[in-house]
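Trainee: Okay, handing you the structure first.
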Amino acid sequence: MKAVLQDEYGSPEALRFGEVEKPAPKNDEVLVKVHAASVNGSDWEGLIGKPLYARLGGFRRPSNKILGSDIAGRVESVGVLVEQYKPGDEVFGEMADYRGGFAEYACTSEKLLARKPAGMTFEQAAAIPQAGVIALQGIRDKGGVQPGQNVLINGAGGSAGTFAVQLAKLCGAEVTGVDNTAKLDFLRSLGADHVIDYTREDFTRTGKQYDLILDVIAHRSVFTIKRALKPNGTYYVVGGSVAILLQVLFLGPLIRRFAGKNVRVLAVQRNQKDLLAITELCEAGKIVPVIDRQYLFHEVPEALRYVGEGRARGKVVIRIE
Ligand SMILES: NC(=O)c1ccc[n+]([C@@H]2O[C@H](COP(=O)([O-])OP(=O)(O)OC[C@H]3O[C@@H](n4cnc5c(N)ncnc54)[C@H](OP(=O)(O)O)[C@@H]3O)[C@@H](O)[C@H]2O)c1
């Protein structure tokens, strides 16, 4: 099969098209003929090998050479233990180790897949999984956002952020979106009540405090963040600097105990139930998976560059013919 291959960590130029063996599903896996995939911030991180957690699958070079975490397509074959799907079914979901999707065929666990709604295209479905589930858990499930609360989303104009802004509004919150100058009108169009341009203003220095801060691109110390939280407020870091993630892990319990503010890492639990829950909201038109651009299979390097340069407003989707 054809796939986009990454031999080294580096720039989009490090990618090449190649032929590799079609994967075979393990007992609990489904082999999917991929029709569409989407790009997440994690794909860019996996390409450049930064932050350091992006090298968990291979420190010097990626052991799985195929990037791509979100897929949608048709079931080709199933492992002997798979109960929910049969060949021909239309499905979408996530790759188990965040890799393997930018290819003609991909194998993943049946637990990370769901049936594609009939009214949704493969492209729309591929845009949902990783970003939608991060938002669902960060805003609704773990975040527990209530009507009237003040919620700030840092990195609001990217993949997970666009779902998070819409979901926080749906939960009745007053939402502040933080991203670069070019994305501020876009954030307002998603429903953000307030926007902050991170190139001009530091949200921790405005004097405003929040009930929940969801940070998809953390680079501020926990002490700075603490300042922007209301008493009993919660900060969830999703991705970003490893130093900050470690700070949150080790100092979070102390801040919770002595300052009464919940500073935590959001370890996203990927599962079919949450994928279906966010997809139902999309089907009902309550949340829109915003697709900024679509690229063809051979344009994966350009698609990654577009996301890596921070130009994408929402999702970038790859059509795999
Ligand atoms: N915790 C978990 O279990 C888990 C699971 C899956 C994924 N993740 C992580 O979740 C993150 C999700 O990212 P994503 O897919 O939403 O990324 P994305 O699509 O690249 O979006 C990131 C957004 O942040 C903006 N940004 C960059 N620097 C910023 C700054 N200093 N302040 C505010 N905004 C800034 C970017 O725009 P500009 O660059 O143009 O400014 C972009 O709009 C990734 O780091 C991934 O590794 C975590």
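If you're wondering about the labels, chains in the structure tokens are A, B, ... by order shown, residues count from 1 in each chain, ligands from 1 in order shown.
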Hey, which bits of chain A sit within 8 Å of ligand 1, and for each residue what's the closest pair of atoms and how far apart in Å (one decimal), counting only C-alpha atoms and all ligand atoms, rows by chain and increasing number, as a Markdown table?

Mentor:
| residue | atom | partner | partner_atom_place_in_ligand_line | distance |
| --- | --- | --- | --- | --- |
| A:Val39 | CA | ligand 1 | 15 (O) | 7.6 |
| A:Asn40 | CA | ligand 1 | 15 (O) | 4.0 |
| A:Gly41 | CA | ligand 1 | 17 (O) | 3.5 |
| A:Ser42 | CA | ligand 1 | 47 (O) | 4.1 |
| A:Asp43 | CA | ligand 1 | 47 (O) | 7.9 |
| A:Trp44 | CA | ligand 1 | 20 (O) | 7.4 |
| A:Glu45 | CA | ligand 1 | 47 (O) | 6.7 |
| A:Ala54 | CA | ligand 1 | 47 (O) | 7.3 |
| A:Gln130 | CA | ligand 1 | 6 (C) | 6.3 |
| A:Ala131 | CA | ligand 1 | 15 (O) | 6.1 |
| A:Ile134 | CA | ligand 1 | 5 (C) | 6.7 |
| A:Asn154 | CA | ligand 1 | 33 (C) | 4.9 |
| A:Gly155 | CA | ligand 1 | 24 (O) | 3.2 |
| A:Ala156 | CA | ligand 1 | 43 (O) | 6.0 |
| A:Gly157 | CA | ligand 1 | 43 (O) | 4.1 |
| A:Gly158 | CA | ligand 1 | 21 (O) | 3.3 |
| A:Ser159 | CA | ligand 1 | 19 (O) | 3.8 |
| A:Ala160 | CA | ligand 1 | 16 (O) | 3.7 |
| A:Gly161 | CA | ligand 1 | 16 (O) | 5.4 |
| A:Thr162 | CA | ligand 1 | 16 (O) | 7.9 |
| A:Val178 | CA | ligand 1 | 33 (C) | 5.4 |
| A:Asp179 | CA | ligand 1 | 34 (N) | 4.1 |
| A:Asn180 | CA | ligand 1 | 41 (O) | 4.8 |
| A:Ala182 | CA | ligand 1 | 40 (O) | 7.9 |
| A:Lys183 | CA | ligand 1 | 43 (O) | 7.6 |
| A:Asp197 | CA | ligand 1 | 33 (C) | 7.8 |
| A:Tyr198 | CA | ligand 1 | 32 (N) | 5.2 |
| A:Thr199 | CA | ligand 1 | 31 (N) | 7.6 |
| A:Val216 | CA | ligand 1 | 11 (C) | 4.8 |
| A:Ile217 | CA | ligand 1 | 24 (O) | 5.7 |
| A:Ala218 | CA | ligand 1 | 31 (N) | 7.3 |
| A:His219 | CA | ligand 1 | 31 (N) | 6.9 |
| A:Val237 | CA | ligand 1 | 1 (N) | 7.1 |
| A:Val238 | CA | ligand 1 | 1 (N) | 4.1 |
| A:Gly239 | CA | ligand 1 | 45 (O) | 3.5 |
| A:Gly240 | CA | ligand 1 | 45 (O) | 5.1 |
| A:Val265 | CA | ligand 1 | 1 (N) | 6.7 |
| A:Leu266 | CA | ligand 1 | 1 (N) | 5.0 |
| A:Ala267 | CA | ligand 1 | 3 (O) | 3.8 |
| A:Val268 | CA | ligand 1 | 3 (O) | 3.7 |
| A:Gln269 | CA | ligand 1 | 3 (O) | 6.8 |
| A:Val307 | CA | ligand 1 | 20 (O) | 5.9 |
| A:Gly308 | CA | ligand 1 | 20 (O) | 6.5 |
| A:Glu309 | CA | ligand 1 | 39 (O) | 5.9 |
| A:Gly310 | CA | ligand 1 | 40 (O) | 3.1 |
| A:Arg311 | CA | ligand 1 | 40 (O) | 5.2 |
| A:Ala312 | CA | ligand 1 | 43 (O) | 6.7 |
| A:Arg313 | CA | ligand 1 | 43 (O) | 6.7 |
| A:Gly314 | CA | ligand 1 | 19 (O) | 6.7 |
| A:Lys315 | CA | ligand 1 | 19 (O) | 7.0 |

Trainee: Where in segment 50-240 of chain A does DSSP assign alpha helix (DSSP H), given as a PyMOL selection string?

Mentor: chain A and resi 122-126+129-135+159-170+184-190+222-227

Trainee: Atom CA of Arg115 of chain A and atom CA of Val165 of chain A are how many Å apart?

Mentor: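 Atom CA of Arg115 of chain A sits 25.4 Å away from atom CA of Val165 of chain A.
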
Trainee: Measuring atom to atom with only C-alpha atoms, identify which of A:Ile318, A:Leu81, A:Leu229, A:Ile128 is nearest to Asn150 of chain A.

Mentor: A:Leu229

Trainee: Neighbours of Gly172 of chain A within 7 Å (only C-alpha atoms; same-chain residues fewer than 5 positions away dropped), as a list in words?

Mentor: Gln146, Pro147 and Gly148 of chain A

Trainee: I'd like the neighbourhood of Ile320 of chain A as a compact mmCIF listing (two decimals) with all heavy atoms, in the first residue's frame, where a residue qualifies if any of its atoms comes within 7 Å (using only C-alpha atoms), though same-chain residues fewer than 2 positions away should be ignored.

Mentor:
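To be explicit, this is the file written out as part11.txt:
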# COMPACT_ATOMS: atom_id res chain seq x y z
N VAL A 34 -8.59 3.57 4.33
CA VAL A 34 -8.74 4.97 4.77
C VAL A 34 -9.22 5.85 3.60
O VAL A 34 -8.62 5.84 2.53
CB VAL A 34 -7.40 5.51 5.32
CG1 VAL A 34 -7.58 6.93 5.86
CG2 VAL A 34 -6.85 4.59 6.41
N HIS A 35 -10.32 6.58 3.83
CA HIS A 35 -10.81 7.52 2.82
C HIS A 35 -10.43 8.95 3.17
O HIS A 35 -10.28 9.80 2.30
CB HIS A 35 -12.33 7.41 2.68
CG HIS A 35 -12.76 6.15 2.02
ND1 HIS A 35 -12.99 6.05 0.67
CD2 HIS A 35 -12.96 4.90 2.52
CE1 HIS A 35 -13.32 4.80 0.36
NE2 HIS A 35 -13.32 4.09 1.47
N ALA A 36 -10.32 9.23 4.47
CA ALA A 36 -9.93 10.58 4.90
C ALA A 36 -9.20 10.47 6.23
O ALA A 36 -9.43 9.55 7.01
CB ALA A 36 -11.16 11.46 5.04
N GLU A 104 -2.96 4.20 2.89
CA GLU A 104 -4.17 3.68 2.23
C GLU A 104 -4.97 2.76 3.16
O GLU A 104 -6.19 2.69 3.05
CB GLU A 104 -3.77 2.92 0.97
CG GLU A 104 -3.39 3.84 -0.17
CD GLU A 104 -3.06 3.05 -1.41
OE1 GLU A 104 -2.09 2.25 -1.37
OE2 GLU A 104 -3.76 3.22 -2.43
N LEU A 296 -5.00 16.73 -0.71
CA LEU A 296 -4.98 15.38 -1.26
C LEU A 296 -3.85 14.60 -0.60
O LEU A 296 -2.96 15.17 0.04
CB LEU A 296 -4.81 15.42 -2.78
CG LEU A 296 -5.97 16.12 -3.50
CD1 LEU A 296 -5.68 16.24 -4.99
CD2 LEU A 296 -7.29 15.38 -3.26
N PHE A 297 -3.88 13.28 -0.79
CA PHE A 297 -2.92 12.38 -0.13
C PHE A 297 -1.47 12.83 -0.36
O PHE A 297 -0.66 12.92 0.56
CB PHE A 297 -3.14 10.97 -0.68
CG PHE A 297 -2.52 9.87 0.11
CD1 PHE A 297 -2.04 10.06 1.40
CD2 PHE A 297 -2.42 8.60 -0.46
CE1 PHE A 297 -1.47 9.01 2.11
CE2 PHE A 297 -1.86 7.55 0.25
CZ PHE A 297 -1.37 7.77 1.53
N ILE A 318 -7.20 15.40 5.15
CA ILE A 318 -6.54 14.80 3.99
C ILE A 318 -7.52 13.83 3.32
O ILE A 318 -8.08 12.97 4.00
CB ILE A 318 -5.31 13.95 4.44
CG1 ILE A 318 -4.44 14.69 5.46
CG2 ILE A 318 -4.51 13.46 3.23
CD1 ILE A 318 -3.69 15.86 4.92

Trainee: Mind pulling up the distance from atom CA of Lys230 of chain A to atom CA of Gln209 of chain A?

Mentor: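 It comes out at 5.1 Å.
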
Trainee: Enumerate as a list in words all residues of segment 66-159 of chain A assigned to strand (DSSP E) by DSSP on the backbone, naming them with the chain letters and numbers the document uses.

Mentor: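 DSSP-assigned strand (DSSP E) residues in segment 66-159 of chain A: Asp70, Ile71, Ala72, Gly73, Arg74, Val75, Glu76, Ser77, Val78, Glu90, Val91, Phe92, Gly93, Glu94, Tyr105, Ala106, Cys107, Thr108, Ser109, Leu113, Ala114, Arg115, Asn150, Val151, Leu152, Ile153 and Asn154 of chain A.
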
Trainee: How far is it from atom CA of Glu19 of chain A to atom CA of Met1 of chain A, in Å with one decimal?

Mentor: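 Distance reported for this atom pair: 5.4 Å.
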
Trainee: Please list as a PyMOL selection string every residue within 6 Å of Leu212 of chain A, counting only C-alpha atoms and excluding residues in the same chain fewer than 4 positions away.

Mentor: chain A and resi 151+233-235

Trainee: Nearest to Phe163 of chain A among A:Glu76, A:Asp7, A:Pro301, A:Val288, with distances taken over only C-alpha atoms: which residue is it?

Mentor: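 Among the listed residues, A:Val288 lies closest to Phe163 of chain A.
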
Trainee: With a distance cut-off of 7 Å and only C-alpha atoms, select the neighbouring residues of Ser77 of chain A, excluding the residue or stretch itself and same-chain residues fewer than 5 positions from it, and output the selection as a ChimeraX atom specification.

Mentor: /A:30-31,86-87

Trainee: Could you name the residues that touch Tyr295 of chain A at 8 Å or less, counting only C-alpha atoms, but leaving out those on the same chain fewer than 4 positions away, as JSON, numbers by chain?

Mentor: {"A": [299, 300, 303, 316, 317, 318, 319]}

Trainee: Counting only C-alpha atoms, which residue out of A:Ala72, A:Cys107, A:Ala243, A:Tyr236 sits closest to Ile153 of chain A?

Mentor: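 For Ile153 of chain A, the nearest of the given residues is A:Tyr236.
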
Trainee: Check the smallest atom-to-atom distance from each of A:Thr204, A:Gly119, A:Tyr53, A:Tyr98 to Leu245 of chain A using only C-alpha atoms, then report the winner.

Mentor: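 Among the listed residues, the smallest separation from Leu245 of chain A belongs to A:Tyr53.
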